[in-house]
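start-v9.cif, holding mmCIF, C-alpha atoms and all ligand atoms:
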data_query
loop_
_atom_site.label_atom_id
_atom_site.label_comp_id
_atom_site.auth_asym_id
_atom_site.auth_seq_id
_atom_site.Cartn_x
_atom_site.Cartn_y
_atom_site.Cartn_z
CA MET A 1 -13.27 7.99 -3.33
CA GLU A 2 -13.24 9.45 0.16
CA VAL A 3 -10.36 11.80 0.92
CA VAL A 4 -9.71 12.19 4.65
CA ILE A 5 -7.49 15.26 5.14
CA CYS A 6 -5.70 15.45 8.48
CA LYS A 7 -3.42 18.11 9.93
CA THR A 8 -0.57 15.62 10.37
CA LYS A 9 0.55 12.25 9.04
CA GLU A 10 0.39 10.91 12.62
CA GLU A 11 -3.32 11.75 12.79
CA ALA A 12 -3.99 10.26 9.33
CA SER A 13 -2.06 7.08 10.16
CA ALA A 14 -3.99 6.61 13.42
CA LEU A 15 -7.32 6.92 11.59
CA ALA A 16 -6.27 4.46 8.89
CA ALA A 17 -5.01 1.98 11.49
CA LYS A 18 -8.32 2.32 13.35
CA MET A 19 -10.23 1.43 10.17
CA ILE A 20 -8.13 -1.72 9.71
CA ASN A 21 -8.24 -2.71 13.39
CA GLU A 22 -12.04 -2.33 13.44
CA ALA A 23 -12.35 -4.50 10.33
CA VAL A 24 -10.14 -7.20 11.87
CA LYS A 25 -12.16 -7.12 15.09
CA LYS A 26 -15.33 -7.65 13.06
CA ASN A 27 -13.79 -10.35 10.85
CA PRO A 28 -10.70 -11.96 12.46
CA LYS A 29 -10.04 -13.78 9.17
CA THR A 30 -9.63 -10.55 7.20
CA VAL A 31 -7.38 -10.83 4.15
CA LEU A 32 -5.06 -7.83 3.94
CA GLY A 33 -3.08 -6.47 1.03
CA LEU A 34 -0.02 -4.70 2.41
CA ALA A 35 2.41 -2.07 1.17
CA THR A 36 6.01 -1.11 1.87
CA GLY A 37 7.77 2.27 1.67
CA SER A 38 8.18 5.02 4.22
CA THR A 39 4.50 6.01 4.15
CA PRO A 40 2.76 3.10 5.96
CA VAL A 41 5.30 2.82 8.81
CA LEU A 42 3.40 5.06 11.24
CA MET A 43 0.18 3.20 10.52
CA TYR A 44 1.91 -0.14 11.13
CA ASN A 45 3.18 1.22 14.46
CA GLU A 46 -0.39 2.11 15.42
CA MET A 47 -1.57 -1.40 14.50
CA ALA A 48 1.23 -2.84 16.64
CA LYS A 49 0.22 -0.62 19.58
CA ALA A 50 -3.35 -1.93 19.40
CA VAL A 51 -2.13 -5.55 19.37
CA LYS A 52 0.16 -4.89 22.34
CA ALA A 53 -2.75 -3.36 24.24
CA LYS A 54 -4.78 -6.51 23.37
CA LYS A 55 -7.41 -4.43 21.60
CA VAL A 56 -7.18 -6.57 18.47
CA SER A 57 -5.56 -9.81 17.31
CA TYR A 58 -4.11 -10.56 13.88
CA LYS A 59 -3.69 -14.29 14.62
CA GLU A 60 -6.08 -15.39 11.89
CA VAL A 61 -5.35 -12.62 9.41
CA LYS A 62 -3.70 -13.48 6.10
CA SER A 63 -1.72 -11.00 4.05
CA TRP A 64 -0.36 -10.57 0.54
CA ASN A 65 2.11 -7.79 -0.22
CA LEU A 66 2.05 -5.62 -3.31
CA ASP A 67 5.52 -6.10 -4.71
CA GLU A 68 9.13 -7.20 -4.41
CA TYR A 69 12.39 -6.30 -6.14
CA VAL A 70 13.72 -8.80 -8.68
CA GLY A 71 17.04 -10.24 -7.56
CA LEU A 72 16.80 -9.59 -3.82
CA ALA A 73 16.62 -12.53 -1.43
CA PRO A 74 13.98 -12.34 1.33
CA THR A 75 16.85 -12.00 3.81
CA HIS A 76 18.35 -8.95 2.02
CA ASP A 77 17.88 -5.94 4.27
CA GLN A 78 16.43 -3.88 1.40
CA SER A 79 13.95 -6.56 0.30
CA TYR A 80 10.29 -5.91 0.90
CA ARG A 81 9.94 -9.25 2.76
CA TYR A 82 12.60 -8.06 5.22
CA PHE A 83 10.92 -4.66 5.51
CA MET A 84 7.56 -6.25 6.35
CA ASN A 85 9.06 -8.62 8.92
CA GLU A 86 10.83 -5.74 10.68
CA ASN A 87 8.16 -3.04 10.41
CA LEU A 88 5.01 -5.04 11.01
CA PHE A 89 5.01 -8.82 11.22
CA LYS A 90 7.42 -9.06 14.18
CA LYS A 91 5.40 -6.41 16.02
CA ILE A 92 1.96 -8.02 15.75
CA ASP A 93 0.65 -11.52 16.43
CA ILE A 94 0.13 -12.53 12.77
CA LYS A 95 1.47 -15.99 11.86
CA LEU A 96 4.46 -15.56 9.56
CA SER A 97 3.18 -18.53 7.53
CA ASN A 98 0.03 -16.52 6.78
CA THR A 99 2.03 -13.65 5.26
CA HIS A 100 2.92 -13.66 1.58
CA VAL A 101 5.42 -11.60 -0.40
CA LEU A 102 6.34 -12.26 -4.04
CA ASN A 103 9.65 -14.10 -4.40
CA GLY A 104 12.20 -11.80 -6.06
CA LEU A 105 14.45 -14.78 -6.71
CA ALA A 106 11.82 -16.91 -8.48
CA LYS A 107 13.40 -18.86 -11.35
CA ASN A 108 10.24 -18.40 -13.39
CA PRO A 109 8.91 -14.96 -12.38
CA GLU A 110 5.79 -15.08 -14.58
CA LYS A 111 4.82 -18.43 -13.03
CA GLU A 112 5.42 -16.93 -9.57
CA CYS A 113 3.08 -14.03 -10.42
CA LYS A 114 0.32 -16.33 -11.73
CA ALA A 115 0.59 -18.54 -8.64
CA TYR A 116 0.38 -15.45 -6.39
CA GLU A 117 -2.86 -14.34 -8.03
CA ALA A 118 -4.24 -17.87 -7.66
CA GLN A 119 -3.38 -17.85 -3.92
CA ILE A 120 -5.23 -14.56 -3.42
CA LYS A 121 -8.25 -15.89 -5.29
CA LYS A 122 -8.24 -19.08 -3.19
CA ALA A 123 -8.20 -16.97 -0.01
CA GLY A 124 -11.39 -15.24 -1.20
CA GLY A 125 -9.71 -12.06 -2.48
CA ILE A 126 -8.24 -9.10 -0.63
CA ASP A 127 -10.64 -7.50 1.87
CA ILE A 128 -8.54 -4.39 2.53
CA GLN A 129 -5.66 -3.25 0.35
CA VAL A 130 -3.17 -0.74 1.80
CA LEU A 131 -1.47 1.53 -0.74
CA GLY A 132 1.05 4.33 -0.86
CA ILE A 133 1.40 6.50 -3.94
CA GLY A 134 4.61 7.23 -5.84
CA SER A 135 5.52 10.82 -6.67
CA ASP A 136 4.84 9.82 -10.31
CA GLY A 137 1.34 8.58 -9.39
CA HIS A 138 2.19 4.87 -9.32
CA ILE A 139 0.48 2.29 -7.11
CA ALA A 140 2.59 -0.74 -6.22
CA PHE A 141 5.25 -0.60 -8.97
CA ASN A 142 2.77 0.19 -11.74
CA GLU A 143 4.65 3.01 -13.40
CA PRO A 144 3.22 5.60 -15.85
CA GLY A 145 2.28 3.87 -19.09
CA THR A 146 1.06 0.67 -17.42
CA SER A 147 -2.37 -0.63 -18.46
CA LEU A 148 -5.05 0.10 -15.89
CA SER A 149 -6.17 -3.51 -16.21
CA SER A 150 -2.69 -5.01 -15.69
CA ARG A 151 -2.22 -8.19 -13.66
CA THR A 152 0.61 -9.28 -11.37
CA SER A 153 3.78 -9.41 -13.47
CA VAL A 154 7.41 -8.39 -13.94
CA VAL A 155 7.63 -4.59 -14.15
CA TYR A 156 10.34 -2.03 -14.92
CA LEU A 157 11.06 0.91 -12.61
CA THR A 158 11.28 4.46 -13.97
CA PRO A 159 14.36 6.61 -13.24
CA SER A 160 12.18 8.80 -11.00
CA THR A 161 11.15 5.83 -8.82
CA ILE A 162 14.73 4.57 -8.67
CA LYS A 163 15.77 8.05 -7.49
CA ASP A 164 12.94 8.24 -4.89
CA ASN A 165 13.77 4.80 -3.52
CA ALA A 166 17.50 5.45 -3.39
CA ARG A 167 16.83 8.61 -1.38
CA LEU A 168 15.08 6.69 1.36
CA PHE A 169 16.65 3.26 1.05
CA PHE A 170 19.81 1.66 -0.40
CA GLY A 171 21.98 4.19 1.43
CA GLY A 172 21.16 6.80 -1.22
CA ASP A 173 22.97 4.86 -3.98
CA MET A 174 20.87 4.75 -7.18
CA THR A 175 23.09 2.08 -8.71
CA LYS A 176 22.07 -0.33 -5.94
CA VAL A 177 18.31 -0.06 -6.60
CA PRO A 178 17.08 -2.99 -8.72
CA THR A 179 15.52 -1.88 -12.00
CA GLN A 180 12.89 -4.62 -12.12
CA ALA A 181 10.28 -5.83 -9.69
CA LEU A 182 7.40 -8.26 -9.39
CA SER A 183 4.24 -6.27 -8.78
CA MET A 184 0.54 -6.79 -8.37
CA GLY A 185 -1.19 -5.22 -11.36
CA VAL A 186 -3.53 -2.24 -11.33
CA GLY A 187 -6.41 -4.53 -12.24
CA THR A 188 -5.43 -6.92 -9.44
CA ILE A 189 -5.34 -4.10 -6.88
CA CYS A 190 -8.70 -2.72 -7.98
CA GLU A 191 -10.34 -6.10 -7.19
CA ALA A 192 -9.79 -5.52 -3.44
CA LYS A 193 -13.06 -4.96 -1.64
CA LYS A 194 -11.78 -1.90 0.22
CA ILE A 195 -8.72 0.23 -0.50
CA ILE A 196 -6.89 2.43 2.01
CA MET A 197 -4.34 4.77 0.45
CA LEU A 198 -1.92 6.91 2.47
CA ALA A 199 -0.20 10.02 1.10
CA PHE A 200 1.98 12.41 3.05
CA GLY A 201 4.05 15.48 2.29
CA LYS A 202 4.21 18.04 -0.50
CA GLY A 203 6.20 15.65 -2.68
CA LYS A 204 2.95 13.70 -3.15
CA ALA A 205 0.69 16.71 -3.89
CA ASP A 206 0.85 16.47 -7.70
CA ALA A 207 0.40 12.69 -7.66
CA LEU A 208 -2.62 12.96 -5.36
CA LYS A 209 -4.13 15.67 -7.56
CA GLY A 210 -3.77 13.34 -10.55
CA CYS A 211 -5.19 10.41 -8.61
CA VAL A 212 -8.28 12.22 -7.31
CA GLU A 213 -9.04 15.01 -9.76
CA GLY A 214 -7.16 14.16 -12.96
CA GLY A 215 -8.64 12.11 -15.77
CA MET A 216 -8.39 8.34 -15.46
CA THR A 217 -5.16 7.63 -17.28
CA GLN A 218 -2.36 5.08 -17.39
CA PHE A 219 0.05 7.99 -16.90
CA CYS A 220 -1.10 8.14 -13.26
CA THR A 221 -2.00 4.55 -12.42
CA ALA A 222 -3.46 5.62 -9.05
CA SER A 223 -6.24 7.35 -11.02
CA ALA A 224 -7.69 3.86 -11.70
CA LEU A 225 -9.03 4.04 -8.14
CA GLN A 226 -11.62 6.54 -9.37
CA ALA A 227 -13.54 3.50 -10.66
CA HIS A 228 -13.31 1.67 -7.30
CA ASN A 229 -16.31 2.14 -5.07
CA ASP A 230 -14.78 1.81 -1.59
CA THR A 231 -11.48 3.70 -1.62
CA TRP A 232 -10.36 5.79 1.37
CA ILE A 233 -7.41 8.14 1.06
CA PHE A 234 -5.85 9.27 4.34
CA CYS A 235 -3.54 12.21 3.74
CA ASP A 236 -2.01 15.23 5.41
CA GLU A 237 -2.64 18.86 4.45
CA GLU A 238 0.56 19.09 2.40
CA ALA A 239 -0.33 16.12 0.19
CA ALA A 240 -3.88 17.51 -0.20
CA SER A 241 -2.67 21.05 -0.94
CA LYS A 242 -3.34 20.91 -4.71
CA LEU A 243 -6.85 19.40 -4.52
CA LYS A 244 -9.51 21.78 -5.80
CA LEU A 245 -12.32 20.37 -3.67
CA LYS A 246 -10.28 19.67 -0.53
CA LYS A 247 -12.67 21.48 1.83
CA TYR A 248 -15.59 19.47 0.49
CA TYR A 249 -13.72 16.15 0.75
CA ALA A 250 -12.61 16.93 4.30
CA TRP A 251 -16.14 17.79 5.39
CA ARG A 252 -17.79 14.81 3.67
CA SER A 253 -15.31 12.25 4.98
CA ALA A 254 -15.47 13.69 8.53
CA VAL A 255 -19.27 13.29 8.49
CA LYS A 256 -18.98 9.71 7.17
CA LEU A 257 -16.38 8.78 9.81
CA GLY A 258 -18.32 10.51 12.57
CA LEU A 259 -15.37 12.80 13.44
P1 LIG M 1 7.02 5.93 -0.13
O1 LIG M 1 6.68 5.15 -1.46
O2 LIG M 1 6.02 5.48 0.88
O3 LIG M 1 8.40 5.51 0.26
O4 LIG M 1 6.91 7.40 -0.43
C1 LIG M 1 5.36 5.11 -1.88
C2 LIG M 1 5.24 4.34 -3.17
O5 LIG M 1 6.17 4.38 -4.01
O6 LIG M 1 4.21 3.68 -3.36
#
What's the structure tokens form of this structure?
Amino acid sequence: MEVVICKTKEEASALAAKMINEAVKKNPKTVLGLATGSTPVLMYNEMAKAVKAKKVSYKEVKSWNLDEYVGLAPTHDQSYRYFMNENLFKKIDIKLSNTHVLNGLAKNPEKECKAYEAQIKKAGGIDIQVLGIGSDGHIAFNEPGTSLSSRTSVVYLTPSTIKDNARLFFGGDMTKVPTQALSMGVGTICEAKKIIMLAFGKGKADALKGCVEGGMTQFCTASALQAHNDTWIFCDEEAASKLKLKKYYAWRSAVKLGL
């Protein structure tokens, strides 16, 4: 794991976007795994800026998103499909038909999840997976107590995640947040060739500590990334504040990135 500690989330987001843009320039057919939430928005804006400036093109890129709420139509303004269209896909030159988000209205959700995994496999697997981290250490919607080898499936949100998501979305109303989702599994995520995780703010400090320096445990599913050999965490100083070896990580990653 490389932990890149920046003064601000703006700086961290720009560095993460640069890593993705460089990869797409090198391989225009890059397969991306994408995430929703408040965290990746700045990075998506940076990617959009680069496309606008014609520094990179996402025309041949394909994407698969991490998760979707059960029961929300793709047109619902709180669905993750809607979020992706508004926050990234409309702002870059990716073909909408090349973007994939699990269908929260699938009649047979387990079949939907199996088919999603098969699509990813057919595309050659995810080259770069973008991740946020929940304040409870989750990646995608893999809550504490989820097997670290889990596959894409129907999952159940914890009260803490429902509270976090109501704070930022759903107009603050916890009763409006769906309690189930379709989510890529921890095992599915860990098959990505490269992983880029973003973590900002002091509300993520405990989760990041568990992810980077805690034992590998299903009670912090992000800790599974310790066994992944090309994971980059871009974070701000607040999120990194509880890491014991933060000075070492900052120095090592700066040398590796040539900063
Ligand atoms: P957030 O969510 O970006 O809205 O903080 C992150 C997550 O739950 O993965």
Pick the closest to Leu15 (chain A) from A:Glu110, A:Glu68, A:Glu46, A:Asp77: which is it, counting all atoms listed in the file?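 Of all the options, A:Glu46 lies closest to Leu15 (chain A).
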Quiz item: So, counting all atoms listed in the file, which residue among A:Gly71, A:Gly203, A:Pro159, A:Pro178 is closest to ligand LIG 1 (chain M)?
Solution: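 Checking each candidate against ligand LIG 1 (chain M), we get A:Gly203 as the closest.
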Mind checking which residues fall within 8 Å of Thr217 (chain A), counting all atoms listed in the file, ignoring those fewer than 6 positions away in the same chain, and posting them as number ranges by chain? A: 148, 223-224
Subject >> Non-local contacts of region 249-255 of chain A (8 Å; only C-alpha atoms; under 2 positions in same chain excluded) as a ChimeraX atom specification >> reply: /A:2-5,245-247,257-259
Throw together the list of residues within 10 Å of ligand LIG 1 (chain M), counting all atoms listed in the file, and drop it here as a compact mmCIF listing (two decimals) with C-alpha atoms, in the frame of the given file.
# COMPACT_ATOMS: atom_id res chain seq x y z
CA ALA A 35 2.41 -2.07 1.17
CA THR A 36 6.01 -1.11 1.87
CA GLY A 37 7.77 2.27 1.67
CA SER A 38 8.18 5.02 4.22
CA THR A 39 4.50 6.01 4.15
CA PRO A 40 2.76 3.10 5.96
CA VAL A 41 5.30 2.82 8.81
CA LEU A 66 2.05 -5.62 -3.31
CA ASP A 67 5.52 -6.10 -4.71
CA LEU A 131 -1.47 1.53 -0.74
CA GLY A 132 1.05 4.33 -0.86
CA ILE A 133 1.40 6.50 -3.94
CA GLY A 134 4.61 7.23 -5.84
CA SER A 135 5.52 10.82 -6.67
CA ASP A 136 4.84 9.82 -10.31
CA GLY A 137 1.34 8.58 -9.39
CA HIS A 138 2.19 4.87 -9.32
CA ILE A 139 0.48 2.29 -7.11
CA ALA A 140 2.59 -0.74 -6.22
CA PHE A 141 5.25 -0.60 -8.97
CA ASN A 142 2.77 0.19 -11.74
CA GLU A 143 4.65 3.01 -13.40
CA THR A 161 11.15 5.83 -8.82
CA ILE A 162 14.73 4.57 -8.67
CA ASP A 164 12.94 8.24 -4.89
CA ASN A 165 13.77 4.80 -3.52
CA ALA A 166 17.50 5.45 -3.39
CA ARG A 167 16.83 8.61 -1.38
CA LEU A 168 15.08 6.69 1.36
CA PHE A 169 16.65 3.26 1.05
CA MET A 197 -4.34 4.77 0.45
CA LEU A 198 -1.92 6.91 2.47
CA ALA A 199 -0.20 10.02 1.10
CA PHE A 200 1.98 12.41 3.05
CA GLY A 201 4.05 15.48 2.29
CA GLY A 203 6.20 15.65 -2.68
CA LYS A 204 2.95 13.70 -3.15
CA ALA A 222 -3.46 5.62 -9.05
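Neighbouring residues of Leu42 (chain A) at 10 Å or closer, counting all atoms listed in the file and skipping chain neighbours under 2 positions away, are Lys9, Glu10, Glu11, Ala12, Ser13, Ala14, Ala16, Ala17, Ser38, Thr39, Pro40, Tyr44, Asn45, Glu46, Met47, Ala48 and Asn87 of chain A.
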Using all atoms listed in the file, the best pick from A:Ser183, A:Thr231, A:Asn21, A:Ser97 as closest to Tyr69 (chain A) would be A:Ser183
Separation of CA of Leu208 (chain A) from CA of Glu22 (chain A), in Å and rounded to one decimal |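 Computed distance, CA of Leu208 (chain A) to CA of Glu22 (chain A), equals 26.0 Å.
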| query | Can you list, as a count of residues only, every protein, DNA or RNA residue that comes within 9 Å of Asn98 (chain A) when you count only C-alpha atoms, leaving out same-chain residues fewer than 5 positions away? | reply | 6
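One finds CA of Thr188 (chain A) at 19.5 Å from CA of Val212 (chain A).
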Among A:Gln129, A:Ser153, A:Ser57, A:Thr179, Ile94 (chain A) is approached most closely, using all atoms listed in the file, by A:Ser57
A straight line from CA of His100 (chain A) to CA of Ile128 (chain A) spans 14.8 Å
How would region 200-211 of chain A read, as a compact mmCIF listing (two decimals), keeping the file's coordinate frame, once all heavy atoms are built in?
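New file out-v3.txt:
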# COMPACT_ATOMS: atom_id res chain seq x y z
N PHE A 200 1.49 11.37 2.15
CA PHE A 200 1.98 12.41 3.05
C PHE A 200 3.05 13.29 2.39
O PHE A 200 3.91 12.78 1.67
CB PHE A 200 2.61 11.79 4.31
CG PHE A 200 1.69 10.83 5.02
CD1 PHE A 200 2.18 9.61 5.50
CD2 PHE A 200 0.36 11.13 5.22
CE1 PHE A 200 1.35 8.71 6.16
CE2 PHE A 200 -0.49 10.24 5.87
CZ PHE A 200 0.01 9.02 6.35
N GLY A 201 2.99 14.56 2.68
CA GLY A 201 4.05 15.48 2.29
C GLY A 201 3.81 16.15 0.95
O GLY A 201 3.05 15.65 0.11
N LYS A 202 4.46 17.29 0.74
CA LYS A 202 4.21 18.04 -0.50
C LYS A 202 4.75 17.34 -1.74
O LYS A 202 4.28 17.60 -2.84
CB LYS A 202 4.72 19.48 -0.39
CG LYS A 202 6.16 19.69 -0.04
CD LYS A 202 6.42 21.21 -0.02
CE LYS A 202 7.87 21.57 0.17
NZ LYS A 202 8.56 21.03 1.34
N GLY A 203 5.68 16.41 -1.54
CA GLY A 203 6.20 15.65 -2.68
C GLY A 203 5.14 14.75 -3.31
O GLY A 203 5.33 14.22 -4.40
N LYS A 204 4.02 14.55 -2.62
CA LYS A 204 2.95 13.70 -3.15
C LYS A 204 1.75 14.53 -3.65
O LYS A 204 0.77 13.97 -4.12
CB LYS A 204 2.46 12.71 -2.07
CG LYS A 204 3.54 11.76 -1.55
CD LYS A 204 4.00 10.81 -2.62
CE LYS A 204 5.20 9.97 -2.21
NZ LYS A 204 4.92 8.96 -1.22
N ALA A 205 1.84 15.86 -3.56
CA ALA A 205 0.69 16.71 -3.89
C ALA A 205 0.26 16.58 -5.36
O ALA A 205 -0.94 16.46 -5.65
CB ALA A 205 0.99 18.16 -3.54
N ASP A 206 1.22 16.58 -6.29
CA ASP A 206 0.85 16.47 -7.70
C ASP A 206 0.27 15.09 -8.01
O ASP A 206 -0.71 14.97 -8.74
CB ASP A 206 2.10 16.70 -8.59
CG ASP A 206 2.45 18.17 -8.68
OD1 ASP A 206 1.51 18.99 -8.81
OD2 ASP A 206 3.65 18.50 -8.59
N ALA A 207 0.89 14.06 -7.42
CA ALA A 207 0.40 12.69 -7.66
C ALA A 207 -1.02 12.54 -7.12
O ALA A 207 -1.89 11.94 -7.78
CB ALA A 207 1.34 11.69 -6.99
N LEU A 208 -1.28 13.10 -5.95
CA LEU A 208 -2.62 12.96 -5.36
C LEU A 208 -3.66 13.74 -6.17
O LEU A 208 -4.78 13.29 -6.36
CB LEU A 208 -2.62 13.43 -3.90
CG LEU A 208 -3.77 12.90 -3.07
CD1 LEU A 208 -3.77 11.38 -2.99
CD2 LEU A 208 -3.77 13.48 -1.67
N LYS A 209 -3.24 14.88 -6.68
CA LYS A 209 -4.13 15.67 -7.56
C LYS A 209 -4.50 14.82 -8.79
O LYS A 209 -5.67 14.74 -9.17
CB LYS A 209 -3.39 16.95 -7.97
CG LYS A 209 -4.02 17.73 -9.08
CD LYS A 209 -5.05 18.69 -8.56
CE LYS A 209 -5.70 19.46 -9.71
NZ LYS A 209 -6.99 19.97 -9.33
N GLY A 210 -3.51 14.18 -9.37
CA GLY A 210 -3.77 13.34 -10.55
C GLY A 210 -4.66 12.17 -10.20
O GLY A 210 -5.57 11.81 -10.96
N CYS A 211 -4.42 11.58 -9.05
CA CYS A 211 -5.19 10.41 -8.61
C CYS A 211 -6.66 10.76 -8.39
O CYS A 211 -7.55 10.04 -8.82
CB CYS A 211 -4.55 9.87 -7.32
SG CYS A 211 -5.54 8.69 -6.42
